[in-house]
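This is upload_7.cif. It holds mmCIF, C-alpha atoms.
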data_input
loop_
_atom_site.label_atom_id
_atom_site.label_comp_id
_atom_site.auth_asym_id
_atom_site.auth_seq_id
_atom_site.Cartn_x
_atom_site.Cartn_y
_atom_site.Cartn_z
CA MET B 1 0.00 0.00 0.00
CA PRO B 2 1.49 3.41 -0.97
CA ILE B 3 2.61 5.82 1.73
CA ILE B 4 1.75 9.52 1.49
CA LEU B 5 4.62 11.82 2.46
CA ASN B 6 3.25 15.22 3.45
CA GLU B 7 5.93 17.86 2.88
CA LYS B 8 4.82 21.03 4.63
CA HIS B 9 6.36 24.27 3.37
CA SER B 10 4.24 26.89 5.11
CA THR B 11 0.97 27.23 6.99
CA GLY B 12 -0.81 27.40 3.65
CA LEU B 13 1.12 25.04 1.40
CA SER B 14 1.97 21.34 1.53
CA MET B 15 3.06 18.87 -1.13
CA ASN B 16 1.87 15.27 -0.97
CA TRP B 17 4.16 12.63 -2.46
CA THR B 18 2.97 9.09 -3.10
CA VAL B 19 5.75 6.78 -1.93
CA ASP B 20 5.67 3.29 -3.43
CA LYS B 21 8.56 2.01 -1.35
CA VAL B 22 11.01 3.10 1.36
CA LEU B 23 14.40 1.89 0.13
CA TYR B 24 16.54 3.29 2.94
CA HIS B 25 15.87 4.95 6.27
CA GLN B 26 18.43 6.00 8.87
CA LYS B 27 18.65 8.61 11.63
CA SER B 28 22.07 10.21 11.43
CA ASP B 29 23.75 12.51 13.94
CA PHE B 30 22.34 15.44 11.97
CA GLN B 31 19.02 14.47 10.39
CA GLU B 32 16.66 11.76 9.21
CA VAL B 33 17.91 10.34 5.90
CA ALA B 34 15.67 8.35 3.55
CA ILE B 35 15.74 7.09 -0.01
CA LEU B 36 12.20 6.77 -1.34
CA GLU B 37 10.66 5.39 -4.51
CA LEU B 38 8.19 8.10 -5.55
CA GLN B 39 5.32 7.19 -7.82
CA GLU B 40 5.84 10.17 -10.13
CA LEU B 41 9.54 11.12 -10.04
CA GLY B 42 11.31 7.88 -9.15
CA ARG B 43 13.97 7.42 -6.48
CA ALA B 44 14.50 10.42 -4.24
CA LEU B 45 16.63 11.61 -1.35
CA ALA B 46 14.63 12.98 1.58
CA LEU B 47 16.14 14.77 4.59
CA ASP B 48 13.90 15.24 7.63
CA GLY B 49 10.92 14.42 5.45
CA ALA B 50 11.71 16.98 2.74
CA ILE B 51 12.52 15.83 -0.81
CA GLN B 52 15.96 17.07 -1.86
CA VAL B 53 16.46 15.52 -5.28
CA THR B 54 14.77 13.00 -7.58
CA VAL B 55 16.25 10.93 -10.38
CA LYS B 56 13.71 12.24 -12.88
CA ASP B 57 14.61 15.93 -12.75
CA GLU B 58 17.86 16.23 -10.77
CA PHE B 59 19.81 17.22 -13.88
CA VAL B 60 18.02 20.57 -14.09
CA TYR B 61 19.20 21.80 -10.70
CA ASN B 62 22.61 20.13 -10.77
CA GLU B 63 23.47 21.44 -14.23
CA MET B 64 22.32 24.98 -13.51
CA ILE B 65 24.09 25.33 -10.17
CA THR B 66 27.38 24.13 -11.67
CA HIS B 67 27.68 25.09 -15.34
CA VAL B 68 26.56 28.70 -14.98
CA PRO B 69 29.37 29.63 -12.54
CA LEU B 70 31.92 27.36 -14.22
CA PHE B 71 31.33 28.96 -17.61
CA THR B 72 31.45 32.41 -15.99
CA HIS B 73 34.96 31.83 -14.63
CA PRO B 74 37.56 31.64 -17.44
CA ASN B 75 39.80 29.09 -15.69
CA PRO B 76 37.96 27.16 -12.95
CA GLU B 77 40.69 24.67 -12.03
CA LYS B 78 39.84 24.13 -8.37
CA VAL B 79 36.20 23.82 -7.26
CA LEU B 80 34.61 23.36 -3.85
CA ILE B 81 31.07 22.10 -3.33
CA ILE B 82 29.56 22.59 0.12
CA GLY B 83 26.78 20.05 0.66
CA GLY B 84 25.71 18.23 -2.48
CA GLY B 85 26.05 14.83 -0.82
CA ASP B 86 24.03 13.16 -3.56
CA GLY B 87 26.99 13.78 -5.88
CA GLY B 88 25.07 15.39 -8.74
CA ALA B 89 26.79 18.77 -8.64
CA ALA B 90 30.21 17.10 -8.41
CA ARG B 91 29.32 14.91 -11.40
CA GLU B 92 28.60 18.01 -13.48
CA ALA B 93 31.59 20.03 -12.27
CA ALA B 94 33.99 17.21 -13.13
CA LYS B 95 32.83 17.33 -16.78
CA HIS B 96 34.63 20.62 -17.38
CA PRO B 97 38.01 20.05 -19.06
CA LYS B 98 39.62 22.94 -17.18
CA VAL B 99 38.51 21.64 -13.78
CA LYS B 100 41.35 19.69 -12.18
CA GLN B 101 39.96 19.15 -8.68
CA VAL B 102 36.48 19.06 -7.14
CA ASP B 103 36.29 18.94 -3.35
CA MET B 104 32.81 17.93 -2.18
CA CYS B 105 32.38 18.72 1.51
CA GLU B 106 29.29 16.98 2.94
CA ILE B 107 28.70 17.08 6.69
CA ASP B 108 26.66 13.87 6.90
CA PRO B 109 28.36 10.55 6.01
CA VAL B 110 24.98 8.79 6.16
CA VAL B 111 23.82 10.85 3.14
CA ILE B 112 26.90 9.71 1.22
CA GLU B 113 26.33 6.09 2.22
CA ALA B 114 22.67 6.17 1.16
CA CYS B 115 23.30 7.91 -2.16
CA ARG B 116 26.20 5.65 -3.06
CA GLU B 117 23.90 2.63 -2.81
CA TYR B 118 20.60 3.94 -4.14
CA LEU B 119 21.33 6.98 -6.33
CA PRO B 120 24.17 5.83 -8.62
CA GLU B 121 23.09 8.28 -11.35
CA MET B 122 24.51 11.06 -9.15
CA SER B 123 26.90 9.31 -6.77
CA VAL B 124 28.90 8.00 -9.74
CA SER B 125 30.91 11.19 -9.17
CA TYR B 126 32.35 9.72 -5.95
CA ASP B 127 34.57 7.49 -8.10
CA ASN B 128 35.72 10.21 -10.47
CA PRO B 129 39.48 10.81 -9.98
CA LYS B 130 38.88 14.58 -10.01
CA VAL B 131 36.48 14.36 -7.05
CA ASN B 132 37.51 14.32 -3.38
CA VAL B 133 34.67 13.41 -1.00
CA ILE B 134 35.19 15.14 2.35
CA THR B 135 32.96 14.42 5.35
CA LYS B 136 33.40 17.57 7.41
CA ASP B 137 31.44 20.59 8.51
CA GLY B 138 31.48 22.90 5.47
CA ILE B 139 31.41 26.03 7.63
CA ALA B 140 34.62 25.05 9.44
CA PHE B 141 36.21 23.75 6.23
CA ILE B 142 35.68 27.10 4.48
CA LYS B 143 37.34 28.97 7.34
CA ASN B 144 40.37 26.69 7.29
CA ASN B 145 41.07 26.99 3.53
CA PRO B 146 41.71 30.65 2.67
CA ASN B 147 42.57 31.80 -0.87
CA THR B 148 42.16 28.26 -2.24
CA TYR B 149 39.32 27.93 -4.73
CA ASP B 150 38.43 29.40 -8.11
CA VAL B 151 34.73 28.52 -7.76
CA ILE B 152 32.66 27.56 -4.71
CA ILE B 153 29.19 26.05 -5.07
CA ILE B 154 26.88 26.07 -2.04
CA ASP B 155 24.54 23.16 -2.74
CA SER B 156 22.66 23.32 0.55
CA SER B 157 19.34 22.00 1.71
CA ASP B 158 16.63 24.43 2.89
CA PRO B 159 17.62 26.88 5.68
CA VAL B 160 16.61 24.58 8.53
CA GLY B 161 18.65 22.26 10.75
CA PRO B 162 22.35 21.96 9.83
CA ALA B 163 21.94 24.24 6.77
CA VAL B 164 20.76 27.39 8.60
CA GLU B 165 24.21 28.97 8.89
CA LEU B 166 24.84 28.49 5.16
CA PHE B 167 22.48 31.39 4.47
CA GLN B 168 24.11 33.88 6.87
CA LYS B 169 26.30 36.86 5.97
CA GLN B 170 29.16 35.59 8.14
CA PHE B 171 29.31 32.40 6.09
CA TYR B 172 29.41 34.37 2.84
CA THR B 173 32.25 36.42 4.34
CA ASP B 174 34.17 33.20 4.96
CA VAL B 175 33.37 32.03 1.42
CA ARG B 176 34.91 35.23 0.08
CA GLY B 177 38.04 34.48 2.08
CA ALA B 178 38.28 30.93 0.69
CA LEU B 179 38.15 32.18 -2.90
CA LYS B 180 41.21 33.21 -4.88
CA GLU B 181 41.56 36.87 -5.84
CA ASP B 182 39.45 36.36 -8.99
CA GLY B 183 37.13 33.69 -7.55
CA LEU B 184 33.35 33.47 -7.58
CA PHE B 185 30.66 31.44 -5.87
CA VAL B 186 27.02 30.54 -6.22
CA CYS B 187 24.40 29.39 -3.74
CA GLN B 188 20.91 28.05 -4.23
CA SER B 189 18.61 30.71 -2.82
CA GLU B 190 15.17 29.12 -2.80
CA SER B 191 11.78 29.84 -4.38
CA LEU B 192 10.73 33.14 -5.92
CA PHE B 193 7.15 32.61 -4.79
CA LEU B 194 7.71 31.22 -1.30
CA HIS B 195 10.99 32.67 -0.06
CA MET B 196 11.28 36.19 -1.46
CA GLN B 197 12.48 37.71 1.81
CA LEU B 198 15.27 35.13 2.01
CA ILE B 199 16.28 35.88 -1.59
CA LYS B 200 16.41 39.58 -0.80
CA ASP B 201 18.46 38.98 2.35
CA VAL B 202 20.91 36.69 0.55
CA TYR B 203 21.28 39.14 -2.34
CA ALA B 204 21.84 42.04 0.07
CA SER B 205 24.51 40.13 1.98
CA ILE B 206 26.34 39.04 -1.15
CA SER B 207 26.07 42.51 -2.72
CA SER B 208 27.73 44.01 0.35
CA LEU B 209 30.65 41.57 0.13
CA PHE B 210 31.30 41.18 -3.60
CA PRO B 211 31.63 43.82 -6.33
CA ILE B 212 29.44 41.67 -8.61
CA ALA B 213 26.23 39.99 -7.42
CA ARG B 214 23.78 38.34 -9.81
CA VAL B 215 20.62 36.28 -9.44
CA TYR B 216 19.54 33.72 -12.03
CA THR B 217 16.69 31.21 -12.19
CA SER B 218 15.54 27.85 -13.48
CA THR B 219 12.39 25.76 -13.14
CA ASN B 220 12.30 22.44 -11.33
CA ALA B 221 9.40 20.03 -10.79
CA THR B 222 10.58 18.82 -7.37
CA TYR B 223 10.91 22.11 -5.55
CA PRO B 224 7.95 24.09 -4.13
CA GLY B 225 7.02 27.10 -6.23
CA PHE B 226 8.88 25.53 -9.20
CA LEU B 227 10.67 28.77 -10.17
CA TRP B 228 14.00 28.51 -8.35
CA SER B 229 16.74 31.06 -7.72
CA TYR B 230 20.52 30.97 -7.50
CA THR B 231 22.66 33.89 -6.32
CA MET B 232 26.22 34.48 -7.49
CA GLY B 233 28.93 36.57 -5.87
CA SER B 234 32.03 37.30 -7.94
CA LYS B 235 35.24 39.17 -7.25
CA ARG B 236 35.99 39.91 -10.90
CA TYR B 237 33.92 38.15 -13.56
CA ASP B 238 30.41 39.31 -14.47
CA PRO B 239 28.28 36.70 -16.25
CA LEU B 240 26.33 39.48 -17.93
CA ALA B 241 29.54 40.79 -19.49
CA LYS B 242 30.45 37.47 -21.13
CA GLU B 243 30.49 38.20 -24.86
CA GLU B 244 31.49 34.65 -25.74
CA LEU B 245 31.39 31.45 -23.69
CA GLU B 246 33.86 28.60 -23.87
CA PRO B 247 32.57 25.87 -26.21
CA GLN B 248 30.59 23.18 -24.41
CA THR B 249 32.46 19.94 -25.09
CA PHE B 250 30.38 17.60 -22.92
CA GLN B 251 26.80 16.36 -22.85
CA THR B 252 24.03 17.86 -20.70
CA LYS B 253 20.30 17.20 -20.48
CA TYR B 254 19.11 20.72 -19.60
CA TYR B 255 21.89 23.31 -19.67
CA ASN B 256 23.05 25.02 -22.85
CA HIS B 257 24.64 28.41 -23.58
CA ASP B 258 21.32 29.93 -24.62
CA LEU B 259 19.98 29.06 -21.17
CA PHE B 260 23.08 30.62 -19.59
CA LYS B 261 22.10 33.97 -21.06
CA ALA B 262 18.37 33.53 -20.56
CA SER B 263 18.67 32.51 -16.90
CA PHE B 264 19.86 36.01 -15.95
CA ALA B 265 16.80 37.64 -17.56
CA LEU B 266 14.79 38.27 -14.41
CA PRO B 267 11.02 38.78 -14.17
CA ASN B 268 9.96 42.31 -13.33
CA PHE B 269 8.60 41.48 -9.89
CA LEU B 270 11.96 40.01 -8.83
CA LYS B 271 13.91 42.97 -10.25
CA GLU B 272 11.65 45.28 -8.28
CA GLU B 273 12.20 43.33 -5.05
CA LEU B 274 15.98 43.43 -5.58
CA GLY B 275 15.94 47.15 -6.36
CA GLN B 276 17.02 46.68 -9.98
CA LYS B 277 15.74 48.68 -12.92
#
Would you kindly transcribe this structure into structure tokens?
Amino acid sequence: MPIILNEKHSTGLSMNWTVDKVLYHQKSDFQEVAILELQELGRALALDGAIQVTVKDEFVYNEMITHVPLFTHPNPEKVLIIGGGDGGAAREAAKHPKVKQVDMCEIDPVVIEACREYLPEMSVSYDNPKVNVITKDGIAFIKNNPNTYDVIIIDSSDPVGPAVELFQKQFYTDVRGALKEDGLFVCQSESLFLHMQLIKDVYASISSLFPIARVYTSTNATYPGFLWSYTMGSKRYDPLAKEELEPQTFQTKYYNHDLFKASFALPNFLKEELGQK
């Protein structure tokens, strides 16, 4: 008999997922970790009852959070991913010919264990020679690695539990310190329709720390509100100033260079909220 997972996002909005089978369930030191077989979107990672990624549409999010910043930077040799324990972002980052090293820092080893067994489409990156899987607190790791990375990708869960500090200005300050003098970073910054105040706060923090701050968007079936935002902070390179992008020499399912340009075309209501003309 199917199980109904009720994912509550606010007092007025919930999403109900029909779960055909629970493939994995474990309480870690940080959160409740589950791999579920969803009726509509296939196998999925859930943390504390919230769906993080599904095999049917994961490529949209993972490609957009990685390829947009990596094509913005002209020479992204060393990349850090904070979170991203499913391995999808690391899989995409490792595709870039110029990328020599991808450090994936995931706080919860139980997430890595579960994804390695049940989500091989993404966790295949664990075995890529470019990828180093690090099980440490990303906040402490950032502080201890100054002036190290060309690109940092903050692939966090929602701002609850262990991920709360990943949306704070102090963390972005530490990210700036971990970047090289021409480095840039991107974070997922939640739903345009459900988390506008958070988007505004994140954008304000990043704008105060980096000379270039940009928001871009994509759509994703798994996430509430569907229209999702990412916020970039850059010390030198402006994605809007890119006249020509490096040729894409690898295969993707969603991302292409037309989408790179289009993703920065913001709807008027978001531009107004961010104080842009």
Review point. What residues have an atom no more than 7 Å from (13.9, 8.6, 5.7) in the file's own frame, counting all atoms listed in the file, and can you write them as a PyMOL selection string?
Key: chain B and resi 24-26+32-35+46-49
Practice item. Would you kindly translate the PyMOL selection byres ((chain B and resi 200) around 12) into the concrete residues it picks from this file, as an MDAnalysis selection string? Key: chainID B and resid 167 189:192 195:199 201:207 213:215 229:231 270:276
Output file for the residues above (C-alpha atoms, as a compact mmCIF listing (two decimals), keeping the file's coordinate frame):
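That gives us again36.txt:
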# COMPACT_ATOMS: atom_id res chain seq x y z
CA PHE B 167 22.48 31.39 4.47
CA SER B 189 18.61 30.71 -2.82
CA GLU B 190 15.17 29.12 -2.80
CA SER B 191 11.78 29.84 -4.38
CA LEU B 192 10.73 33.14 -5.92
CA HIS B 195 10.99 32.67 -0.06
CA MET B 196 11.28 36.19 -1.46
CA GLN B 197 12.48 37.71 1.81
CA LEU B 198 15.27 35.13 2.01
CA ILE B 199 16.28 35.88 -1.59
CA ASP B 201 18.46 38.98 2.35
CA VAL B 202 20.91 36.69 0.55
CA TYR B 203 21.28 39.14 -2.34
CA ALA B 204 21.84 42.04 0.07
CA SER B 205 24.51 40.13 1.98
CA ILE B 206 26.34 39.04 -1.15
CA SER B 207 26.07 42.51 -2.72
CA ALA B 213 26.23 39.99 -7.42
CA ARG B 214 23.78 38.34 -9.81
CA VAL B 215 20.62 36.28 -9.44
CA SER B 229 16.74 31.06 -7.72
CA TYR B 230 20.52 30.97 -7.50
CA THR B 231 22.66 33.89 -6.32
CA LEU B 270 11.96 40.01 -8.83
CA LYS B 271 13.91 42.97 -10.25
CA GLU B 272 11.65 45.28 -8.28
CA GLU B 273 12.20 43.33 -5.05
CA LEU B 274 15.98 43.43 -5.58
CA GLY B 275 15.94 47.15 -6.36
CA GLN B 276 17.02 46.68 -9.98
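If all atoms listed in the file are the atoms counted, then among B:Phe193, B:Phe71, B:Tyr223, B:Trp17 the closest residue to B:His257 is B:Phe71.
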Practice item. Rank nothing, just name the residue among B:Ile142, B:Ile4, B:Gly87, B:His73 nearest to B:Glu244, using all atoms listed in the file. Key: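 So, comparing all the options, the nearest one is B:His73.
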Compile a residue-level contact table for stretch 142-177 of chain B against stretch 114-138 of chain B at a cut-off of 12 Å, reporting for every qualifying residue the shortest atom pair and its distance in Å to one decimal, with only C-alpha atoms counted, rows ordered by chain and ascending number, as a tab-separated table.
residue	atom	partner	partner_atom	distance
B:Ile142	CA	B:Gly138	CA	6.0
B:Lys143	CA	B:Gly138	CA	8.6
B:Asn144	CA	B:Gly138	CA	9.8
B:Asn145	CA	B:Gly138	CA	10.6
B:Ile152	CA	B:Gly138	CA	11.3
B:Ile153	CA	B:Gly138	CA	11.2
B:Ile154	CA	B:Gly138	CA	9.4
B:Asp155	CA	B:Gly138	CA	10.8
B:Ser156	CA	B:Gly138	CA	10.1
B:Pro162	CA	B:Asp137	CA	9.3
B:Ala163	CA	B:Gly138	CA	9.7
B:Glu165	CA	B:Gly138	CA	10.1
B:Leu166	CA	B:Gly138	CA	8.7
B:Phe171	CA	B:Gly138	CA	9.8
B:Tyr172	CA	B:Gly138	CA	11.9
B:Asp174	CA	B:Gly138	CA	10.7
B:Val175	CA	B:Gly138	CA	10.2
Review point. Rounded to one decimal in Å, what is the spacing between atom CA of B:Gly88 and atom CA of B:Gln168?
Key: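 Going from atom CA of B:Gly88 over to atom CA of B:Gln168, I get 24.2 Å.
When the PyMOL selection byres ((chain B and resi 37) around 10) is run on the displayed coordinates, the residues it returns are Trp17, Thr18, Val19, Asp20, Lys21, Val22, Leu23, Tyr24, Ala34, Ile35, Leu36, Leu38, Gln39, Glu40, Leu41, Gly42, Arg43, Ala44, Leu45, Thr54 and Val55 of chain B.
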Practice item. Please identify all polymer residues within 12 Å of B:Thr11, counting only C-alpha atoms, omitting same-chain residues fewer than 4 positions from it, and present them as number ranges by chain. Key: B: 7, 15, 194
What residues come out when you apply the PyMOL selection byres ((chain B and resi 98) around 7) to this file, written as a compact mmCIF listing (two decimals) with C-alpha atoms, in the coordinates of the input?
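Saved file selection.txt follows:
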# COMPACT_ATOMS: atom_id res chain seq x y z
CA ASN B 75 39.80 29.09 -15.69
CA PRO B 76 37.96 27.16 -12.95
CA GLU B 77 40.69 24.67 -12.03
CA HIS B 96 34.63 20.62 -17.38
CA PRO B 97 38.01 20.05 -19.06
CA VAL B 99 38.51 21.64 -13.78
CA LYS B 100 41.35 19.69 -12.18
Check your understanding: In Å to one decimal, how far is atom CA of B:Val186 from atom CA of B:Phe210?
Key -> 11.8 Å
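Minimum atom-to-atom distance to B:Glu63, evaluated using all atoms listed in the file, belongs to B:Leu259 out of B:Val151, B:Leu179, B:Ala241, B:Leu259.
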Exercise for review: Figure out the distance between atom CA of B:Ile212 and atom CA of B:Asp238, please, to one decimal in Å.
Suggested key: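 So the two atoms, atom CA of B:Asp238 and atom CA of B:Ile212, lie 6.4 Å apart.
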Review point. Hey, can you pull every residue with an atom no more than 7 Å from (32.9, 21.4, -9.0), using only C-alpha atoms, and send it as a VMD selection string?
Key: chain B and resid 66 79 to 81 89 to 90 93 to 94 102
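Counting all atoms listed in the file and comparing B:Leu70, B:Lys253, B:Thr219, B:Asp150, the residue that lies closest to B:Lys235 is B:Asp150.
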